[in-house]
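This is data.csv (CSV, C-alpha atoms).
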chain,number,residue,atom,x,y,z
K,346,MET,CA,80.6,156.2,151.4
K,347,ALA,CA,82.4,153.6,149.4
K,348,ARG,CA,81.7,153.3,145.7
K,349,PRO,CA,79.9,150.0,144.7
K,350,ASP,CA,82.7,149.0,142.3
K,351,LYS,CA,85.4,149.4,144.9
K,352,SER,CA,83.3,147.5,147.5
K,353,ALA,CA,82.8,144.7,144.9
K,354,ALA,CA,86.6,144.6,144.2
K,355,VAL,CA,87.4,144.4,148.0
K,356,ALA,CA,84.8,141.6,148.4
K,357,GLU,CA,86.4,139.7,145.5
K,358,LEU,CA,89.9,140.1,146.8
K,359,THR,CA,88.8,139.1,150.3
K,360,ASP,CA,87.3,135.9,148.9
K,361,LYS,CA,90.5,135.2,147.0
K,362,PHE,CA,92.6,135.7,150.2
K,363,ARG,CA,90.3,133.4,152.1
K,364,SER,CA,90.1,130.6,149.5
K,365,SER,CA,93.8,130.5,148.6
K,366,ASN,CA,96.5,128.5,150.4
K,367,ALA,CA,99.0,131.2,149.7
K,368,ALA,CA,99.3,134.7,148.2
K,369,VAL,CA,102.5,136.2,146.9
K,370,LEU,CA,102.8,140.0,146.4
K,371,THR,CA,105.1,141.2,143.7
K,372,GLU,CA,106.1,144.4,141.9
K,373,TYR,CA,105.8,144.1,138.2
K,374,ARG,CA,107.0,147.6,137.1
K,375,GLY,CA,108.7,147.4,133.7
K,376,LEU,CA,107.2,144.1,132.6
K,377,THR,CA,105.5,143.9,129.2
K,378,VAL,CA,102.1,142.4,128.7
K,379,ALA,CA,103.7,139.4,126.9
K,380,GLN,CA,106.0,138.9,129.9
K,381,LEU,CA,103.0,139.0,132.3
K,382,LYS,CA,101.3,136.4,130.1
K,383,THR,CA,104.4,134.2,130.3
K,384,LEU,CA,104.5,134.7,134.1
K,385,ARG,CA,100.9,133.6,134.5
K,386,ARG,CA,101.6,130.4,132.6
K,387,SER,CA,104.7,129.7,134.6
K,388,LEU,CA,102.8,129.8,137.9
K,389,GLY,CA,100.9,126.6,137.1
K,390,GLU,CA,97.2,125.8,136.9
K,391,ASN,CA,96.5,126.4,140.6
K,392,ALA,CA,97.4,130.1,140.7
K,393,GLN,CA,95.9,133.3,139.5
K,394,TYR,CA,98.1,136.4,139.0
K,395,ALA,CA,96.2,139.7,139.3
K,396,VAL,CA,97.3,143.3,139.2
K,397,VAL,CA,95.6,145.0,142.2
K,398,LYS,CA,95.2,148.3,143.8
K,399,ASN,CA,97.3,148.6,147.0
K,400,THR,CA,94.6,150.2,149.2
K,401,LEU,CA,91.9,147.8,148.2
K,402,THR,CA,94.3,144.8,148.6
K,403,LYS,CA,95.3,146.0,152.1
K,404,ILE,CA,91.6,146.3,153.1
K,405,ALA,CA,90.8,142.9,151.6
K,406,ALA,CA,93.7,141.2,153.5
K,407,GLY,CA,92.5,142.8,156.7
K,408,ASN,CA,88.9,141.6,156.1
K,409,ALA,CA,90.3,138.1,155.5
K,410,GLY,CA,92.1,138.2,158.9
K,411,ILE,CA,95.6,138.6,157.3
K,412,THR,CA,98.0,141.2,158.6
K,413,LEU,CA,100.6,142.4,156.1
K,414,GLU,CA,103.2,145.0,156.5
K,415,ASP,CA,102.7,148.4,154.9
K,416,GLU,CA,105.9,148.3,152.8
K,417,LEU,CA,104.5,145.4,150.8
K,418,PHE,CA,102.0,147.9,149.3
K,419,ALA,CA,104.6,150.4,148.0
K,420,GLY,CA,104.7,150.7,144.2
K,421,PRO,CA,102.7,148.8,141.6
K,422,THR,CA,101.5,145.5,143.1
K,423,ALA,CA,100.3,142.2,141.7
K,424,VAL,CA,99.2,139.2,143.7
K,425,ALA,CA,99.6,135.5,142.9
K,426,PHE,CA,96.7,133.7,144.6
K,427,VAL,CA,97.7,130.1,145.0
K,428,THR,CA,95.0,127.5,145.6
K,429,GLY,CA,97.1,124.4,145.0
K,430,ASP,CA,100.7,123.5,145.8
K,431,PRO,CA,102.5,126.8,146.9
K,432,VAL,CA,105.9,125.3,146.2
K,433,GLU,CA,105.2,125.0,142.4
K,434,SER,CA,104.0,128.6,142.2
K,435,ALA,CA,106.9,129.9,144.3
K,436,LYS,CA,109.3,128.1,141.9
K,437,GLY,CA,107.5,129.7,138.9
K,438,LEU,CA,107.9,133.2,140.4
K,439,ARG,CA,111.5,132.6,141.5
K,440,ASP,CA,112.5,131.3,138.1
K,441,PHE,CA,110.7,134.1,136.2
K,442,ALA,CA,112.3,136.7,138.5
K,443,LYS,CA,115.8,135.3,137.6
K,444,GLU,CA,115.1,135.7,133.9
K,445,ASN,CA,113.3,139.1,134.3
K,446,PRO,CA,114.8,141.2,137.0
K,447,ASN,CA,111.9,143.7,136.8
K,448,LEU,CA,109.7,141.2,138.7
K,449,ILE,CA,110.4,141.8,142.4
K,450,ILE,CA,108.9,139.4,145.0
K,451,LYS,CA,107.9,141.5,148.0
K,452,GLY,CA,106.4,139.0,150.4
K,453,GLY,CA,103.3,137.0,150.9
K,454,VAL,CA,101.1,134.8,153.0
K,455,LEU,CA,101.1,131.0,153.5
K,456,ASP,CA,98.2,129.5,155.4
K,457,GLY,CA,97.5,132.9,157.2
K,458,LYS,CA,101.2,133.4,158.2
K,459,ALA,CA,103.0,136.4,156.7
K,460,LEU,CA,106.2,135.5,154.7
K,461,SER,CA,109.1,137.6,153.7
K,462,ALA,CA,110.6,137.5,150.2
K,463,ASP,CA,113.5,135.4,151.5
K,464,GLU,CA,111.0,132.9,153.0
K,465,ILE,CA,109.2,132.6,149.7
K,466,LYS,CA,112.5,131.9,148.0
K,467,LYS,CA,113.2,129.2,150.6
K,468,LEU,CA,109.8,127.8,149.9
K,469,ALA,CA,110.7,127.7,146.2
K,470,ASP,CA,113.8,125.6,147.0
K,471,LEU,CA,111.7,122.8,148.5
K,472,GLU,CA,110.9,119.8,146.5
K,473,SER,CA,107.4,119.5,145.1
K,474,ARG,CA,104.6,117.9,147.2
K,475,GLU,CA,104.6,114.7,145.0
K,476,VAL,CA,108.4,114.2,145.5
K,477,LEU,CA,108.1,114.7,149.2
K,478,LEU,CA,105.2,112.2,149.4
K,479,ALA,CA,107.1,109.7,147.4
K,480,LYS,CA,110.1,110.0,149.7
K,481,LEU,CA,107.9,109.6,152.7
K,482,ALA,CA,106.2,106.5,151.2
K,483,GLY,CA,109.6,105.0,150.4
K,484,ALA,CA,110.8,105.6,154.0
K,485,MET,CA,107.7,104.1,155.4
K,486,LYS,CA,107.9,101.1,153.1
K,487,GLY,CA,111.5,100.5,154.2
K,488,LYS,CA,110.6,100.6,157.9
K,489,GLN,CA,107.7,98.2,157.2
K,490,SER,CA,110.1,95.8,155.5
K,491,GLN,CA,112.5,96.0,158.4
K,492,ALA,CA,109.7,95.3,160.9
K,493,ALA,CA,108.4,92.4,158.8
K,494,ALA,CA,111.9,90.9,158.7
K,495,LEU,CA,112.3,91.3,162.4
K,496,PHE,CA,108.9,89.6,163.1
K,497,GLN,CA,109.8,86.8,160.7
K,498,ALA,CA,113.2,86.3,162.3
K,499,LEU,CA,112.0,85.7,165.8
K,500,PRO,CA,109.9,82.5,165.1
K,501,SER,CA,112.5,81.1,162.7
K,502,LYS,CA,115.2,81.6,165.3
K,503,LEU,CA,113.0,79.9,167.9
K,504,VAL,CA,112.5,76.9,165.5
K,505,ARG,CA,116.3,76.7,164.8
K,506,THR,CA,117.0,76.7,168.6
K,507,VAL,CA,114.4,74.0,169.3
K,508,ASP,CA,115.8,71.9,166.4
K,509,ALA,CA,119.4,72.3,167.8
K,510,LEU,CA,118.3,71.2,171.3
K,511,ARG,CA,116.4,68.2,169.8
K,512,ASP,CA,119.5,67.1,167.8
K,513,LYS,CA,121.6,67.4,170.9
K,514,VAL,CA,119.2,65.3,173.0
K,515,GLU,CA,119.0,62.6,170.3
K,516,GLN,CA,122.8,62.4,170.1
K,517,GLY,CA,123.1,61.9,173.8
K,518,GLY,CA,124.2,65.4,174.5
K,519,ALA,CA,123.8,67.4,177.6
K,520,GLY,CA,120.1,67.0,177.7
K,521,THR,CA,120.1,63.2,178.6
K,522,PRO,CA,120.7,62.1,182.2
K,523,ALA,CA,124.1,60.4,182.8
K,524,PRO,CA,124.0,56.7,183.8
K,525,VAL,CA,124.0,56.1,187.6
K,526,GLU,CA,127.2,54.6,189.0
K,527,ALA,CA,125.3,52.2,191.3
K,528,GLU,CA,123.8,50.5,188.3
K,529,ALA,CA,127.2,50.1,186.7
K,530,ALA,CA,128.6,48.4,189.8
K,531,GLU,CA,126.0,45.5,189.8
Structure encoded using structure tokens:
Amino acid sequence: MARPDKSAAVAELTDKFRSSNAAVLTEYRGLTVAQLKTLRRSLGENAQYAVVKNTLTKIAAGNAGITLEDELFAGPTAVAFVTGDPVESAKGLRDFAKENPNLIIKGGVLDGKALSADEIKKLADLESREVLLAKLAGAMKGKQSQAAALFQALPSKLVRTVDALRDKVEQGGAGTPAPVEAEAAE
């Protein structure tokens, strides 16, 4: 039978896996308590960094419907549970790992899909959600401006064409009938 404290820990980890957008597994061997505190701050407000037991984490991930490879659970493991923008947290982990080579990003999960360490680093290279949304809004605004200019150009072109035809008719251009020769002979 499982001990109540272990069952509670598995239940808590399962809830964290289910409620988070992403989870990144890391190895923290050799980091000091002060460095771990700095790492927690660098992840942002929407992430929790917790040192976990491998066996309990693997069971909790399975209970949450997430399949992770066994090699992710080798050595001391800590998990960053991300409830907000995963790009921000991935950048925080990547930048911290550059300064502190003792932090090793093993892999993780994003929206239920397993990610390798390289995929997490690629995620960190993306621009933040706010920047991407701003670019999308700018592109959409540009397309709307082009459409508005096109819709405005059609009626104004029609008006210019009608005015040109009217001027031509008033000046005796091609629009007026030519005098009949029979009338000129009389």
Which residue is closest to K:Ala409? Choose from K:Asp350, K:Glu515, K:Asp508, K:Asp360 and count only C-alpha atoms.
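Looking at the shortest contact to K:Ala409, the residue is K:Asp360.
Interatomic distance, atom CA of K:Gly453 against atom CA of K:Ser365: 11.7 Å.
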Would you please work out which residue, of K:Ile404, K:Ala367, K:Val504, K:Val427, is nearest to K:Leu388 when using only C-alpha atoms?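 Comparing K:Ile404, K:Ala367, K:Val504, K:Val427 against K:Leu388, the winner is K:Val427.
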Residue with smallest distance to K:Ala435 - pool K:Val396, K:Leu417, K:Leu478, K:Val369, counting all atoms listed in the file
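Ranking K:Val396, K:Leu417, K:Leu478, K:Val369 by distance to K:Ala435, first place goes to K:Val369.
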_I'd like the contact shell of K:Glu414 - 10 Å cut-off, all atoms listed in the file, skipping same-chain residues fewer than 3 positions apart - returned as an NGL selection string._
:K and (403 or 411 or 417-418 or 452-453 or 459 or 461)
